[in-house]
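Trainee: I have a structure here, written as structure tokens, and I will follow up with some questions on it.
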Amino acid sequence: MRHGLFVLSLCLALISFSEAQRSHNTSRSSDPPARLSGPAISAMQKVDPERIRAHVRFLADDLLEGRGTGQRGGDLAAEYIATQFALYGLKPVGDNGTFMQRVPLVGITPEPETTFSFVPASGKTVHLKPLDEYVAYDQTQQAQSDVDAEIVYVGYGIEAPEYKWDDYKGIDVRGKVLLMLVNEPSSDDPDFFKGKALTYYGRWTYKYEEAARKGAAGAILIHRTEMASYPWEVVRNSNSGEKSYLKLEATPALKVASWIQFEVAKQLAKTAGMDIDKMMNDAQSRDFHAVALPVRLRAHMVSKIRPFESNNVLAELPGADRNLRNEAVMYTAHYDHLGIRPDMPGDNIYNGANDNATGCGILLEIARAYAEAPQRPRRSILFASVTAEEQGLLGSEYLGKHPPLPASKISLDLNYDDVPPLGSPEEVEVSGAERTNFYPSIQALAQTFRLKIRPDSRPAAGHYYRSDHFSLARVGIPAFSINEGVKYKGHDAAWGEQQAAEFTEKHYHQPSDEYYPSMDFTGDAVMARFGFALGWEAAAQMKEVSWVKGDEFEKNRLTSMGAMQ
Ligand SMILES: [Zn+2]
């Protein structure tokens, strides 16, 4: 059965590659179209769904204890992946000639001694209740910090020269506490904050980062369900108990990184003699000016600090071309999941079969296919299985800050996260790929694979900013994830949508995300071959992949290139 499929798909690939080249030659790309060579095609055909199954079955076994970051099971998974890389004969590019790149992390838990109060110029101090009214973390990673500073309302807290938008307009916010809205100015104009789609400026992580860059002591985000696209419970649940961070390097950090309930914000505005609706309205305008409130934040932050570590697993296949081998194409997939909850009754192991043993199985098969190829691609190929994705993309963030080659020399990152083993896909999702000048090649290859490119169904949700490829995009590397769409052979799209909805509802981030023998890894193998072909072509073409002009990450690329000179 498998053998038959193999031969059939090889024929399809061979027939349709000539088609792809034809459509390629008519594209406007300045690069001469690269040809996927015979050796590349035969290497690609070695990707075996049953090998992906074997990796998933092992990585999702109860013995791996849910592959928790900084836990024994996570370390075992990293060792397993490193061992596979070694068996394939790949070069270790982690620390000190090993496959492991140490990622220093810090767990922070706010202690009950923490206080958080609004002190108006006149009138009574308001002490806020943790979790019900506010959540706050001390990002300086100190056991204790004190803040007593003026609160300044900065609207959306965005500085975006490409949209001629600046909520800070020349004000000095050093040492201040910034009160701001989540999301971004609303618009239908695709040239203004990408219309309905969310840009990174709308994400809460950006707000904290920008405030810290400007030297603020703290930031208070106003939560409103419609604006955040999730209820207070989500903020509350993801901000209670220990939270992990990368160990602070030389970057500035906030003593108070916080959210408040909308009702609290309303009250705060009233205390300041202002009106919350008017404040929110004012923020919609380009002419918005920051306003200092006659209210101070007085916070005493007490935190439990727990340093720990985990590893990214890094390997390289050096390229064949003497002039191009100092550049690379990178593949990523996170191996960590949520670990084990010993205090929980019943099944308490978060096996993470779909999320993301599947991505690891795919990454390993791609690595093997490259390693066994009769010929090497021109550029080098990097394989990175990263840690701490579930803690907030931390392993990939560390990788972006400490890449094995300079970020400007990494042409492209292709990421895999949670590729459901549901059979043979007729669609592929490559959201974010259209932001790169590699897109025409991707379209041509998708056609070759008889895969329809499925557009992002909810751009307003900002999924692009919630997966590991984003960590690499933010250091300028063109990056996106590859996944199946919802249409599978033998089923209609509604079936696929239902499978996805059911997984999200019942198994996503639950102990029941487990391996079953009935899983069909055909689609995972197709995604692996498709990614192999994309990576090979990117590794072969004359120029590195770049962002399309004006993309929000273009300046990061230029910065990384400037840093090279
Ligand atoms: Zn994942």
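Please note that chains go A, B, ... in the order of the structure tokens, that every chain numbers its residues from 1, and that ligands are numbered from 1 in the order shown.
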Mind the document's chain letters and residue numbers, and return as a PyMOL selection string the residues of segment 33-251 of chain A that DSSP labels helix (DSSP H, G or I).
Mentor: chain A and resi 38-44+49-59+62-67+72-87+95-97+161-163+200-202+204-213+225-228+232-238
Trainee: Taking only C-alpha atoms and all ligand atoms into account, which residues have an atom no farther than 8 Å from ligand 1? I'd like them as number ranges by chain.
Mentor: A: 334, 337, 355-356, 389-390, 417-418, 467
Trainee: Fewer than 4 positions away in the same chain doesn't count, so skip those; otherwise give me all residues within 8 Å of Leu246 of chain A, counting only C-alpha atoms, as a PyMOL selection string.
Mentor: chain A and resi 103-106+394+398
Trainee: If we count only C-alpha atoms and set the cut-off at 12 Å, which residues sit around Gly215 of chain A, ignoring sequence neighbours fewer than 3 positions away in its own chain? Please answer as a PyMOL selection string.
Mentor: chain A and resi 171-178+208-212+218-219+251-255
Trainee: Counting only C-alpha atoms, give me one row per residue of segment 395-442 of chain A with an atom at most 12 Å from an atom of segment 50-60 of chain A, showing the shortest contact pair and its distance in Å to one decimal, sorted by chain then residue number, as a tab-separated table.
Mentor:
```
residue	atom	partner	partner_atom	distance
A:Asp418	CA	A:Val56	CA	11.2
A:Val419	CA	A:Val56	CA	11.2
A:Pro420	CA	A:Val56	CA	11.4
A:Pro421	CA	A:Arg53	CA	9.0
```
